[in-house]
file protein_29.cif (mmCIF, C-alpha atoms)
data_final
loop_
_atom_site.label_atom_id
_atom_site.label_comp_id
_atom_site.auth_asym_id
_atom_site.auth_seq_id
_atom_site.Cartn_x
_atom_site.Cartn_y
_atom_site.Cartn_z
CA MET C 1 127.09 75.62 -166.03
CA SER C 2 123.41 75.48 -166.95
CA PRO C 3 121.20 73.04 -165.05
CA THR C 4 120.66 69.79 -166.88
CA THR C 5 117.54 67.67 -167.20
CA ARG C 6 117.23 64.01 -168.11
CA ILE C 7 114.52 63.39 -170.71
CA PRO C 8 113.28 59.82 -170.94
CA VAL C 9 113.02 58.81 -174.60
CA VAL C 10 112.77 55.01 -175.02
CA GLU C 11 112.38 55.17 -178.77
CA LYS C 12 113.54 52.31 -180.98
CA ILE C 13 116.20 53.37 -183.44
CA PHE C 14 114.49 51.42 -186.23
CA ASP C 15 111.08 52.92 -185.41
CA ALA C 16 111.12 55.40 -188.30
CA ASN C 17 111.90 52.59 -190.77
CA ASP C 18 109.39 50.21 -189.20
CA GLN C 19 106.60 52.78 -189.45
CA VAL C 20 107.19 53.26 -193.17
CA ALA C 21 107.39 49.46 -193.55
CA GLN C 22 103.92 49.33 -192.02
CA GLN C 23 102.71 51.90 -194.57
CA ASN C 24 104.18 49.78 -197.37
CA ARG C 25 102.35 46.75 -196.04
CA SER C 26 99.07 48.67 -195.97
CA LEU C 27 99.65 49.79 -199.54
CA PHE C 28 100.27 46.20 -200.67
CA ASP C 29 97.19 44.99 -198.83
CA LEU C 30 95.02 47.76 -200.27
CA HIS C 31 95.88 46.51 -203.78
CA HIS C 32 95.86 42.79 -202.86
CA THR C 33 99.51 42.57 -203.86
CA PHE C 34 101.64 39.86 -202.26
CA ALA C 35 105.18 41.15 -201.62
CA ILE C 36 108.31 39.01 -201.27
CA ASN C 37 111.61 40.37 -199.96
CA VAL C 38 114.30 38.38 -201.78
CA MET C 39 117.62 38.47 -199.91
CA ALA C 40 120.94 36.74 -200.59
CA SER C 41 124.67 37.32 -200.72
CA PRO C 42 126.09 38.65 -204.01
CA GLY C 43 126.24 35.91 -206.62
CA ALA C 44 123.80 33.50 -204.95
CA GLY C 45 121.59 33.60 -208.04
CA LYS C 46 118.86 36.05 -207.01
CA THR C 47 118.21 37.33 -210.50
CA THR C 48 118.23 33.89 -212.15
CA PHE C 49 115.87 32.61 -209.45
CA ILE C 50 113.56 35.60 -209.91
CA LEU C 51 113.52 35.22 -213.71
CA LYS C 52 112.70 31.52 -213.36
CA THR C 53 109.93 32.29 -210.86
CA LEU C 54 108.46 34.81 -213.31
CA GLU C 55 108.51 32.11 -215.99
CA GLY C 56 106.86 29.62 -213.66
CA LEU C 57 104.08 31.79 -212.31
CA SER C 58 103.37 34.63 -214.75
CA SER C 59 100.72 32.63 -216.61
CA LYS C 60 98.67 32.52 -213.41
CA TYR C 61 99.61 35.75 -211.63
CA ARG C 62 100.36 39.31 -212.70
CA MET C 63 103.98 39.66 -211.56
CA ALA C 64 106.30 42.63 -211.03
CA VAL C 65 109.86 43.11 -209.81
CA ILE C 66 111.65 45.78 -207.80
CA GLU C 67 115.39 45.71 -208.26
CA GLY C 68 117.59 47.14 -205.50
CA ASP C 69 121.17 47.85 -206.48
CA THR C 70 123.95 49.86 -204.89
CA ALA C 71 125.19 51.14 -208.23
CA PRO C 72 123.22 52.78 -211.05
CA VAL C 73 123.25 49.70 -213.30
CA THR C 74 120.23 48.23 -215.04
CA ILE C 75 121.75 44.80 -215.81
CA ASP C 76 119.13 42.97 -213.73
CA SER C 77 116.12 45.14 -214.55
CA ASP C 78 116.84 44.91 -218.30
CA LYS C 79 116.49 41.13 -218.10
CA VAL C 80 113.12 41.45 -216.38
CA SER C 81 111.94 44.12 -218.81
CA ALA C 82 112.87 41.86 -221.72
CA MET C 83 110.24 39.39 -220.42
CA GLY C 84 107.57 42.09 -220.56
CA ILE C 85 107.31 42.21 -216.76
CA PRO C 86 106.98 45.62 -215.03
CA VAL C 87 110.16 46.46 -213.15
CA VAL C 88 111.27 49.36 -210.98
CA GLN C 89 114.94 50.00 -210.34
CA ILE C 90 115.97 51.44 -206.97
CA ASN C 91 119.53 52.70 -206.69
CA THR C 92 120.47 52.78 -203.00
CA GLY C 93 123.31 55.22 -203.67
CA GLY C 94 125.95 52.95 -202.20
CA ASP C 95 123.86 51.81 -199.22
CA CYS C 96 124.21 48.14 -198.33
CA HIS C 97 120.46 47.42 -198.13
CA LEU C 98 117.02 48.54 -199.20
CA ASP C 99 115.07 50.29 -196.48
CA ALA C 100 111.35 50.93 -196.17
CA VAL C 101 111.64 54.56 -197.30
CA MET C 102 113.49 53.66 -200.50
CA LEU C 103 110.93 50.97 -201.24
CA HIS C 104 108.07 53.36 -200.54
CA ALA C 105 109.47 55.78 -203.12
CA GLY C 106 109.96 52.96 -205.63
CA LEU C 107 106.39 51.74 -205.17
CA GLN C 108 105.09 55.05 -206.54
CA SER C 109 106.32 53.94 -209.99
CA LEU C 110 104.57 50.57 -209.89
CA PRO C 111 100.89 50.14 -210.81
CA LEU C 112 100.13 47.98 -207.76
CA GLN C 113 96.45 47.63 -208.69
CA ASP C 114 97.65 45.51 -211.66
CA VAL C 115 100.14 43.42 -209.68
CA ASP C 116 99.39 40.16 -207.82
CA ILE C 117 102.93 39.28 -206.74
CA VAL C 118 105.91 41.62 -206.43
CA LEU C 119 109.41 40.21 -206.00
CA ILE C 120 111.71 42.73 -204.30
CA GLU C 121 115.34 41.94 -205.05
CA ASN C 122 117.29 43.33 -202.10
CA VAL C 123 120.96 44.32 -202.26
CA GLY C 124 123.30 41.32 -202.13
CA ASN C 125 124.29 41.22 -198.46
CA LEU C 126 123.58 38.90 -195.51
CA ILE C 127 123.82 41.48 -192.73
CA CYS C 128 122.10 44.80 -193.34
CA PRO C 129 118.91 43.68 -195.14
CA ALA C 130 118.05 41.58 -192.06
CA ALA C 131 117.73 44.72 -189.92
CA PHE C 132 115.55 46.84 -192.20
CA LYS C 133 111.94 45.69 -192.51
CA LEU C 134 110.33 46.54 -195.84
CA GLY C 135 106.70 45.65 -195.18
CA SER C 136 106.82 42.48 -197.29
CA HIS C 137 104.60 39.47 -196.56
CA LEU C 138 107.42 36.99 -196.99
CA ASN C 139 111.13 37.20 -196.17
CA LEU C 140 113.01 34.85 -198.48
CA LEU C 141 116.70 34.02 -198.44
CA ILE C 142 118.50 32.38 -201.33
CA ALA C 143 121.54 30.52 -200.01
CA SER C 144 123.74 28.81 -202.57
CA ILE C 145 126.00 25.78 -202.47
CA PRO C 146 129.31 27.52 -203.43
CA GLU C 147 128.93 29.97 -200.50
CA GLY C 148 129.62 27.13 -198.08
CA ASP C 149 127.70 25.31 -195.39
CA ASP C 150 128.71 27.59 -192.49
CA LYS C 151 126.61 30.61 -193.44
CA PRO C 152 123.76 30.08 -190.95
CA TYR C 153 126.36 30.02 -188.16
CA LYS C 154 128.04 33.19 -189.42
CA TYR C 155 124.92 35.22 -190.20
CA PRO C 156 122.43 34.19 -187.48
CA ASN C 157 120.34 37.37 -187.64
CA MET C 158 119.57 36.81 -191.31
CA TYR C 159 118.46 33.19 -190.81
CA ARG C 160 116.42 34.03 -187.74
CA GLY C 161 114.12 36.46 -189.54
CA LEU C 162 113.24 34.21 -192.50
CA ASP C 163 109.88 32.82 -193.56
CA VAL C 164 111.29 30.61 -196.31
CA LEU C 165 114.72 29.46 -197.50
CA VAL C 166 115.87 28.47 -200.98
CA VAL C 167 119.14 26.57 -201.39
CA ASN C 168 120.23 27.34 -204.93
CA LYS C 169 122.84 25.82 -207.27
CA MET C 170 122.10 22.25 -206.10
CA ASP C 171 123.59 21.13 -209.42
CA LEU C 172 127.03 22.14 -208.05
CA LEU C 173 126.79 19.93 -204.96
CA PRO C 174 128.99 17.13 -206.42
CA TYR C 175 131.83 19.61 -207.03
CA VAL C 176 131.82 21.55 -203.75
CA ASP C 177 132.60 20.60 -200.14
CA PHE C 178 129.19 21.40 -198.74
CA ASN C 179 127.91 19.36 -195.81
CA MET C 180 124.12 19.57 -196.13
CA ALA C 181 123.50 18.06 -192.68
CA TYR C 182 125.75 20.67 -191.02
CA PHE C 183 124.05 23.48 -192.95
CA GLN C 184 120.58 22.23 -192.05
CA GLN C 185 121.52 21.84 -188.40
CA GLY C 186 122.47 25.53 -188.25
CA VAL C 187 119.21 26.52 -189.92
CA GLU C 188 117.21 24.33 -187.54
CA ILE C 189 118.83 25.94 -184.48
CA LEU C 190 118.12 29.47 -185.66
CA ASN C 191 114.75 28.95 -187.26
CA PRO C 192 113.16 25.62 -186.31
CA GLY C 193 111.00 24.07 -189.01
CA LEU C 194 111.91 26.71 -191.63
CA ARG C 195 110.43 25.75 -195.01
CA THR C 196 113.37 25.00 -197.31
CA PHE C 197 113.53 24.43 -201.07
CA PRO C 198 116.68 22.90 -202.60
CA VAL C 199 116.74 24.05 -206.23
CA SER C 200 118.85 24.83 -209.22
CA ALA C 201 117.38 27.93 -210.81
CA LYS C 202 119.65 27.25 -213.79
CA THR C 203 118.50 23.70 -214.55
CA GLY C 204 115.02 24.15 -213.09
CA GLU C 205 115.52 21.27 -210.63
CA GLY C 206 113.25 21.66 -207.60
CA MET C 207 111.57 24.82 -208.89
CA GLN C 208 108.15 23.24 -209.34
CA ALA C 209 107.89 22.54 -205.59
CA TRP C 210 108.64 26.22 -204.92
CA TYR C 211 106.00 27.39 -207.44
CA ASN C 212 103.40 25.08 -205.89
CA TRP C 213 104.18 26.22 -202.37
CA LEU C 214 104.15 29.93 -203.28
CA ASP C 215 100.91 29.46 -205.20
CA GLU C 216 99.36 27.91 -202.09
CA VAL C 217 100.67 30.67 -199.79
CA VAL C 218 99.34 33.42 -202.08
CA GLN C 219 95.95 31.72 -202.35
CA LYS C 220 95.73 31.40 -198.57
CA HIS C 221 96.74 35.02 -198.12
CA ARG C 222 93.97 36.15 -200.47
CA GLN C 223 91.33 34.30 -198.49
CA LYS C 224 92.24 36.27 -195.37
CA MET H 1 127.08 47.25 -190.92
CA HIS H 2 124.82 50.23 -191.58
CA GLU H 3 126.04 52.44 -188.75
CA LEU H 4 125.63 55.67 -190.70
CA ALA H 5 121.89 55.14 -191.19
CA VAL H 6 121.61 54.09 -187.56
CA THR H 7 123.55 57.10 -186.27
CA GLU H 8 121.40 59.47 -188.34
CA SER H 9 118.36 57.91 -186.74
CA VAL H 10 119.83 58.47 -183.25
CA LEU H 11 120.45 62.12 -184.11
CA ASP H 12 116.90 62.56 -185.43
CA ILE H 13 115.43 61.10 -182.25
CA ALA H 14 117.67 63.19 -179.96
CA LEU H 15 117.00 66.44 -181.84
CA ARG H 16 113.25 65.85 -181.84
CA HIS H 17 113.05 65.19 -178.09
CA ALA H 18 115.43 68.05 -177.28
CA GLY H 19 113.34 70.37 -179.45
CA GLN H 20 110.13 69.36 -177.69
CA ALA H 21 111.80 70.19 -174.35
CA ASN H 22 113.08 73.56 -175.66
CA ALA H 23 116.62 72.50 -174.81
CA SER H 24 119.57 74.64 -175.83
CA ARG H 25 122.08 71.80 -175.81
CA VAL H 26 122.21 68.01 -175.54
CA THR H 27 125.08 66.83 -173.33
CA ASP H 28 124.53 63.05 -173.13
CA ILE H 29 122.70 60.34 -175.03
CA TYR H 30 122.04 56.94 -173.49
CA LEU H 31 121.67 54.06 -175.95
CA VAL H 32 120.61 50.53 -175.11
CA ILE H 33 121.99 47.89 -177.47
CA GLY H 34 121.28 44.17 -177.24
CA ARG H 35 124.21 41.82 -177.73
CA PHE H 36 122.51 40.35 -180.81
CA SER H 37 122.25 43.76 -182.52
CA SER H 38 125.26 43.85 -184.78
CA ILE H 39 126.14 47.46 -184.05
CA VAL H 40 129.74 48.55 -183.49
CA ASP H 41 130.04 51.28 -180.84
CA ASP H 42 133.21 52.81 -182.28
CA SER H 43 131.63 53.09 -185.68
CA VAL H 44 128.54 54.86 -184.32
CA GLN H 45 130.84 57.24 -182.39
CA PHE H 46 132.85 57.92 -185.56
CA TYR H 47 129.78 58.92 -187.59
CA TRP H 48 128.29 60.75 -184.61
CA ASP H 49 131.22 63.18 -184.40
CA MET H 50 130.68 64.03 -188.07
CA ILE H 51 126.92 64.34 -188.28
CA ALA H 52 126.25 65.99 -184.91
CA GLU H 53 128.50 68.90 -185.83
CA ASN H 54 126.67 72.24 -185.97
CA THR H 55 123.61 70.87 -184.20
CA ILE H 56 122.67 71.25 -180.53
CA CYS H 57 123.93 67.68 -180.15
CA GLN H 58 127.49 68.63 -181.02
CA HIS H 59 129.96 67.25 -178.42
CA ALA H 60 127.21 65.22 -176.72
CA THR H 61 128.63 62.06 -175.15
CA LEU H 62 127.21 58.75 -176.35
CA HIS H 63 126.76 56.11 -173.65
CA PHE H 64 126.37 52.53 -174.82
CA LYS H 65 124.61 50.14 -172.50
CA ARG H 66 124.94 46.55 -173.71
CA VAL H 67 122.13 44.18 -172.80
CA PRO H 68 123.06 40.49 -172.54
CA SER H 69 121.36 37.92 -174.75
CA ARG H 70 118.71 35.88 -172.99
CA MET H 71 117.09 32.75 -174.33
CA LYS H 72 114.18 30.59 -173.28
CA CYS H 73 114.43 26.87 -173.98
CA LEU H 74 111.39 25.57 -175.87
CA VAL H 75 111.94 22.08 -174.48
CA CYS H 76 112.60 22.52 -170.72
CA GLU H 77 111.25 26.11 -170.59
CA LYS H 78 114.20 27.40 -168.51
CA GLU H 79 115.61 30.89 -169.16
CA PHE H 80 119.32 31.66 -169.36
CA GLU H 81 121.95 34.08 -170.64
CA VAL H 82 124.09 33.14 -173.64
CA GLN H 83 127.37 34.45 -174.98
CA GLN H 84 126.90 33.21 -178.54
CA SER H 85 123.69 32.92 -180.46
CA LEU H 86 124.27 29.26 -181.33
CA ASP H 87 124.90 27.90 -177.84
CA PRO H 88 122.56 25.10 -176.70
CA CYS H 89 120.41 25.14 -173.56
CA PRO H 90 122.81 24.64 -170.61
CA TYR H 91 120.14 22.61 -168.76
CA CYS H 92 118.93 20.09 -171.34
CA GLY H 93 121.20 20.61 -174.37
CA SER H 94 118.35 21.50 -176.72
CA PHE H 95 118.94 23.92 -179.60
CA HIS H 96 115.29 24.90 -179.80
CA LEU H 97 115.42 28.28 -178.15
CA ASN H 98 113.51 31.53 -178.27
CA ILE H 99 115.32 34.85 -177.94
CA ILE H 100 113.77 36.83 -175.10
CA GLY H 101 116.45 39.52 -174.78
CA GLY H 102 119.46 40.87 -176.64
CA GLU H 103 117.83 42.36 -179.72
CA GLU H 104 117.08 45.73 -178.07
CA PHE H 105 118.24 48.83 -179.83
CA TYR H 106 116.84 52.12 -178.63
CA VAL H 107 117.54 55.59 -177.24
CA GLU H 108 116.81 55.31 -173.53
CA SER H 109 117.19 58.94 -172.48
CA ILE H 110 119.02 62.17 -173.20
CA ILE H 111 120.41 64.82 -170.88
CA VAL H 112 119.87 68.41 -171.97
CA GLU H 113 120.58 71.94 -170.86
CA LYS H 114 117.61 74.29 -171.03
#

call {"tool": "encode", "arguments": {"input": "protein_29.cif", "output": "C-alpha cells"}}
result
Amino acid sequence: MSPTTRIPVVEKIFDANDQVAQQNRSLFDLHHTFAINVMASPGAGKTTFILKTLEGLSSKYRMAVIEGDTAPVTIDSDKVSAMGIPVVQINTGGDCHLDAVMLHAGLQSLPLQDVDIVLIENVGNLICPAAFKLGSHLNLLIASIPEGDDKPYKYPNMYRGLDVLVVNKMDLLPYVDFNMAYFQQGVEILNPGLRTFPVSAKTGEGMQAWYNWLDEVVQKHRQK
Amino acid sequence: MHELAVTESVLDIALRHAGQANASRVTDIYLVIGRFSSIVDDSVQFYWDMIAENTICQHATLHFKRVPSRMKCLVCEKEFEVQQSLDPCPYCGSFHLNIIGGEEFYVESIIVEK
C-alpha cells in the first residue's frame, strides 16, 4: 500500500458560493443598486407582494425584478413585464434555491446602472434559500397566515438569517386558526427585535408602512 | 435539502487540494458539520458515490464529525450546549440567545496517497 499523507484543508463548503455572493454585492454597490432577496414558501404571495411593491415605489425609484423558478415558466415574469418593469428570469433547472452563481449570470442581463432597487424572487422554499447567500442587502421573508403559526419553530434557520419579515394575507386571519402571539414568540426567540410588517398584498392593508420603511432603508443605504 | 450541490462542492475542494499535493488517490475525507446545518449524512454519501466515480476520489471514505450546538445567553451571559434550536437558557430561562457553535460546515482534512 502506498504511504498516505493527511492534508489539512479547513475550507468552508459554502465558500465558493459566498465568494460569488461577495462579487454580486460589489456589483450592486458599484451601480448603487439596492438588492432584496425575497424568500417564502410556495403560495405565500411573493409575486403579488412584489407587484404591489413595484406599484408603491416605482414612481420614486427605478425598480427591477429577478424571478427565480425551478421550471421554465414565465408566469411571474410576464406579470412584471406587463407593468413595464425590467425583469430577468432565472430557471434553476430543478434546483430548490437560487445560488450566487445563478444570480451572477442573471445580473448580466440587467442594466444595473439604471436600477435603484432590485427585488430577487427566490424559489418558493423555506430551507435551501436560507443556506445560499446571494449578495443582497436585505433578506426578506414573506410568511402568510394560511401556512400556520408554527413555521418559525419548524424552519429556524430561515428565520434566523432574516433582516425583515412580512406577514402576508392578514385579510384571512378571521378564517384561519393562526395564533399571532405564538408565531411572534417563535420569531422573537430566533431573531429578537426582527422588523415585521403585517400586510395583505391583495387588499393593500399595511403596505404603506412597508413602503415607508423600505424608502427609509434605501435612503440611509445611499448616504453610506 | 440541497445535498447534491453541497456534495459537488466537497468534491471540488477535495480534488483541488489533492491536485495541489500531487496526490494519486484520495482515501478519506473528514467533514465537520454543525448540528444546526441541515445536512443529511446518508444523502451526501449517496450523491458522493455517484459523483466521485472516475475521479481520484472514487471509493474515498467520508467521515462526518458532528459539532454540538452551543449558545450564549444574552441575558445572563452563560454558555451552554443545546439539543434543539428553540430551547431556552437552562440557567435563567431566557430565549434571547446567540448561536456560538453548531453552524460549522467545512472540509477539515483529506488523506491522500502520493

call {"tool": "resolve_selection", "arguments": {"input": "protein_29.cif", "expression": "the PyMOL selection byres ((chain C and resi 158-173) around 7)", "output": "PyMOL selection string"}}
result
chain C and resi 126-127+130+138-145+152+155-157+174-176+178+187+190-191+194-201

call {"tool": "resolve_selection", "arguments": {"input": "protein_29.cif", "expression": "the PyMOL selection byres ((chain H and resi 60) around 9)", "output": "PyMOL selection string"}}
result
chain H and resi 25-29+49+52+56-59+61-62+111

call {"tool": "closest_residue", "arguments": {"input": "protein_29.cif", "among": "C:Val218, C:Cys96, C:Leu57, C:Leu103", "to": "chain H", "atoms": "all atoms listed in the file"}}
result
C:Cys96

call {"tool": "resolve_selection", "arguments": {"input": "protein_29.cif", "expression": "the PyMOL selection byres ((chain C and resi 75-87) around 10)", "output": "count of residues only"}}
result
32

call {"tool": "closest_residue", "arguments": {"input": "protein_29.cif", "among": "H:Leu31, H:Leu4, H:Val10, H:Ala21", "to": "Glu108 in chain H", "atoms": "only C-alpha atoms"}}
result
H:Leu31

call {"tool": "interface_residues", "arguments": {"input": "protein_29.cif", "of": "chain C", "to": "chain H", "cutoff": "10 Å", "atoms": "only C-alpha atoms", "output": "PyMOL selection string"}}
result
chain C and resi 1-17+95-97+99+127-129+131-132+152-154+156-157+160+185-186+188-192

call {"tool": "closest_residue", "arguments": {"input": "protein_29.cif", "among": "C:Asn122, C:Gln113, C:Asn91, C:Gln223", "to": "Ser136 in chain C", "atoms": "all atoms listed in the file"}}
result
C:Asn122

call {"tool": "atom_distance", "arguments": {"input": "protein_29.cif", "atom1": "CA of Lys202 in chain C", "atom2": "CA of Lys220 in chain C"}}
result
28.7 Å

call {"tool": "atom_distance", "arguments": {"input": "protein_29.cif", "atom1": "CA of Ser59 in chain C", "atom2": "CA of His137 in chain C"}}
result
21.5 Å

call {"tool": "atom_distance", "arguments": {"input": "protein_29.cif", "atom1": "CA of Val40 in chain H", "atom2": "CA of Phe64 in chain H"}}
result
10.1 Å

call {"tool": "closest_residue", "arguments": {"input": "protein_29.cif", "among": "H:His63, H:Gly19, H:Leu74, H:Gly101", "to": "Asp41 in chain H", "atoms": "only C-alpha atoms"}}
result
H:His63

call {"tool": "residues_around", "arguments": {"input": "protein_29.cif", "residues": "Gly102 in chain H", "least_positions_apart": "5", "cutoff": "6 Å", "atoms": "only C-alpha atoms", "output": "list of chain:residue names"}}
result
H:Gly34, H:Arg35, H:Phe36, H:Val67, H:Pro68, H:Ser69

call {"tool": "closest_residue", "arguments": {"input": "protein_29.cif", "among": "C:Gln184, C:Ala44, C:Asn179, C:Tyr61", "to": "Ile117 in chain C", "atoms": "all atoms listed in the file"}}
result
C:Tyr61

call {"tool": "decode", "arguments": {"input": "protein_29.cif", "residues": "range 30-61 of chain C", "atoms": "N, CA and C atoms", "output": "PDB file, in the first residue's frame"}}
result
ATOM      1  N   LEU C  30     -21.414  49.023  -6.823  1.00  0.00           N
ATOM      2  CA  LEU C  30     -20.809  49.817  -7.899  1.00  0.00           C
ATOM      3  C   LEU C  30     -21.865  50.645  -8.623  1.00  0.00           C
ATOM      4  N   HIS C  31     -23.064  50.056  -8.802  1.00  0.00           N
ATOM      5  CA  HIS C  31     -24.135  50.727  -9.536  1.00  0.00           C
ATOM      6  C   HIS C  31     -25.151  51.395  -8.616  1.00  0.00           C
ATOM      7  N   HIS C  32     -24.873  51.414  -7.314  1.00  0.00           N
ATOM      8  CA  HIS C  32     -25.794  51.998  -6.327  1.00  0.00           C
ATOM      9  C   HIS C  32     -27.174  51.368  -6.412  1.00  0.00           C
ATOM     10  N   THR C  33     -27.178  50.053  -6.612  1.00  0.00           N
ATOM     11  CA  THR C  33     -28.436  49.310  -6.671  1.00  0.00           C
ATOM     12  C   THR C  33     -28.653  48.616  -5.333  1.00  0.00           C
ATOM     13  N   PHE C  34     -29.857  48.764  -4.785  1.00  0.00           N
ATOM     14  CA  PHE C  34     -30.197  48.119  -3.517  1.00  0.00           C
ATOM     15  C   PHE C  34     -30.908  46.798  -3.824  1.00  0.00           C
ATOM     16  N   ALA C  35     -30.352  45.680  -3.322  1.00  0.00           N
ATOM     17  CA  ALA C  35     -30.871  44.361  -3.704  1.00  0.00           C
ATOM     18  C   ALA C  35     -31.585  43.677  -2.536  1.00  0.00           C
ATOM     19  N   ILE C  36     -32.770  43.147  -2.818  1.00  0.00           N
ATOM     20  CA  ILE C  36     -33.572  42.480  -1.789  1.00  0.00           C
ATOM     21  C   ILE C  36     -33.834  41.031  -2.199  1.00  0.00           C
ATOM     22  N   ASN C  37     -33.449  40.110  -1.333  1.00  0.00           N
ATOM     23  CA  ASN C  37     -33.679  38.685  -1.559  1.00  0.00           C
ATOM     24  C   ASN C  37     -35.029  38.326  -0.950  1.00  0.00           C
ATOM     25  N   VAL C  38     -36.018  38.069  -1.814  1.00  0.00           N
ATOM     26  CA  VAL C  38     -37.383  37.803  -1.344  1.00  0.00           C
ATOM     27  C   VAL C  38     -37.607  36.296  -1.267  1.00  0.00           C
ATOM     28  N   MET C  39     -37.741  35.790  -0.038  1.00  0.00           N
ATOM     29  CA  MET C  39     -37.919  34.350   0.162  1.00  0.00           C
ATOM     30  C   MET C  39     -39.302  34.076   0.758  1.00  0.00           C
ATOM     31  N   ALA C  40     -39.786  32.867   0.539  1.00  0.00           N
ATOM     32  CA  ALA C  40     -41.091  32.459   1.069  1.00  0.00           C
ATOM     33  C   ALA C  40     -41.342  31.023   0.670  1.00  0.00           C
ATOM     34  N   SER C  41     -42.362  30.407   1.285  1.00  0.00           N
ATOM     35  CA  SER C  41     -42.769  29.086   0.815  1.00  0.00           C
ATOM     36  C   SER C  41     -43.631  29.275  -0.435  1.00  0.00           C
ATOM     37  N   PRO C  42     -43.870  28.205  -1.203  1.00  0.00           N
ATOM     38  CA  PRO C  42     -44.722  28.363  -2.389  1.00  0.00           C
ATOM     39  C   PRO C  42     -46.124  28.814  -1.980  1.00  0.00           C
ATOM     40  N   GLY C  43     -46.648  29.792  -2.677  1.00  0.00           N
ATOM     41  CA  GLY C  43     -48.023  30.215  -2.411  1.00  0.00           C
ATOM     42  C   GLY C  43     -48.193  31.243  -1.303  1.00  0.00           C
ATOM     43  N   ALA C  44     -47.086  31.774  -0.789  1.00  0.00           N
ATOM     44  CA  ALA C  44     -47.184  32.770   0.297  1.00  0.00           C
ATOM     45  C   ALA C  44     -47.566  34.144  -0.243  1.00  0.00           C
ATOM     46  N   GLY C  45     -47.466  34.308  -1.558  1.00  0.00           N
ATOM     47  CA  GLY C  45     -47.847  35.588  -2.161  1.00  0.00           C
ATOM     48  C   GLY C  45     -46.656  36.447  -2.549  1.00  0.00           C
ATOM     49  N   LYS C  46     -45.544  35.820  -2.874  1.00  0.00           N
ATOM     50  CA  LYS C  46     -44.335  36.562  -3.255  1.00  0.00           C
ATOM     51  C   LYS C  46     -44.591  37.479  -4.441  1.00  0.00           C
ATOM     52  N   THR C  47     -45.187  36.918  -5.489  1.00  0.00           N
ATOM     53  CA  THR C  47     -45.355  37.689  -6.709  1.00  0.00           C
ATOM     54  C   THR C  47     -46.335  38.842  -6.505  1.00  0.00           C
ATOM     55  N   THR C  48     -47.449  38.569  -5.833  1.00  0.00           N
ATOM     56  CA  THR C  48     -48.429  39.628  -5.554  1.00  0.00           C
ATOM     57  C   THR C  48     -47.784  40.736  -4.729  1.00  0.00           C
ATOM     58  N   PHE C  49     -47.000  40.338  -3.731  1.00  0.00           N
ATOM     59  CA  PHE C  49     -46.323  41.316  -2.876  1.00  0.00           C
ATOM     60  C   PHE C  49     -45.322  42.143  -3.687  1.00  0.00           C
ATOM     61  N   ILE C  50     -44.597  41.474  -4.566  1.00  0.00           N
ATOM     62  CA  ILE C  50     -43.612  42.187  -5.401  1.00  0.00           C
ATOM     63  C   ILE C  50     -44.318  43.161  -6.342  1.00  0.00           C
ATOM     64  N   LEU C  51     -45.404  42.704  -6.976  1.00  0.00           N
ATOM     65  CA  LEU C  51     -46.135  43.583  -7.905  1.00  0.00           C
ATOM     66  C   LEU C  51     -46.666  44.809  -7.168  1.00  0.00           C
ATOM     67  N   LYS C  52     -47.187  44.593  -5.958  1.00  0.00           N
ATOM     68  CA  LYS C  52     -47.700  45.718  -5.166  1.00  0.00           C
ATOM     69  C   LYS C  52     -46.576  46.686  -4.787  1.00  0.00           C
ATOM     70  N   THR C  53     -45.413  46.117  -4.444  1.00  0.00           N
ATOM     71  CA  THR C  53     -44.276  46.960  -4.060  1.00  0.00           C
ATOM     72  C   THR C  53     -43.802  47.789  -5.259  1.00  0.00           C
ATOM     73  N   LEU C  54     -43.854  47.193  -6.441  1.00  0.00           N
ATOM     74  CA  LEU C  54     -43.496  47.935  -7.653  1.00  0.00           C
ATOM     75  C   LEU C  54     -44.448  49.115  -7.831  1.00  0.00           C
ATOM     76  N   GLU C  55     -45.752  48.822  -7.641  1.00  0.00           N
ATOM     77  CA  GLU C  55     -46.767  49.875  -7.754  1.00  0.00           C
ATOM     78  C   GLU C  55     -46.493  51.003  -6.772  1.00  0.00           C
ATOM     79  N   GLY C  56     -46.142  50.600  -5.537  1.00  0.00           N
ATOM     80  CA  GLY C  56     -45.984  51.575  -4.467  1.00  0.00           C
ATOM     81  C   GLY C  56     -44.741  52.430  -4.587  1.00  0.00           C
ATOM     82  N   LEU C  57     -43.682  51.884  -5.186  1.00  0.00           N
ATOM     83  CA  LEU C  57     -42.407  52.604  -5.144  1.00  0.00           C
ATOM     84  C   LEU C  57     -41.825  52.997  -6.503  1.00  0.00           C
ATOM     85  N   SER C  58     -42.475  52.551  -7.598  1.00  0.00           N
ATOM     86  CA  SER C  58     -41.829  52.796  -8.902  1.00  0.00           C
ATOM     87  C   SER C  58     -41.939  54.246  -9.373  1.00  0.00           C
ATOM     88  N   SER C  59     -42.768  55.070  -8.676  1.00  0.00           N
ATOM     89  CA  SER C  59     -42.774  56.486  -9.057  1.00  0.00           C
ATOM     90  C   SER C  59     -41.552  57.192  -8.481  1.00  0.00           C
ATOM     91  N   LYS C  60     -40.977  56.625  -7.429  1.00  0.00           N
ATOM     92  CA  LYS C  60     -39.823  57.256  -6.794  1.00  0.00           C
ATOM     93  C   LYS C  60     -38.503  56.600  -7.183  1.00  0.00           C
ATOM     94  N   TYR C  61     -38.531  55.270  -7.359  1.00  0.00           N
ATOM     95  CA  TYR C  61     -37.298  54.534  -7.647  1.00  0.00           C
ATOM     96  C   TYR C  61     -37.407  53.786  -8.979  1.00  0.00           C
TER      97      TYR C  61
END
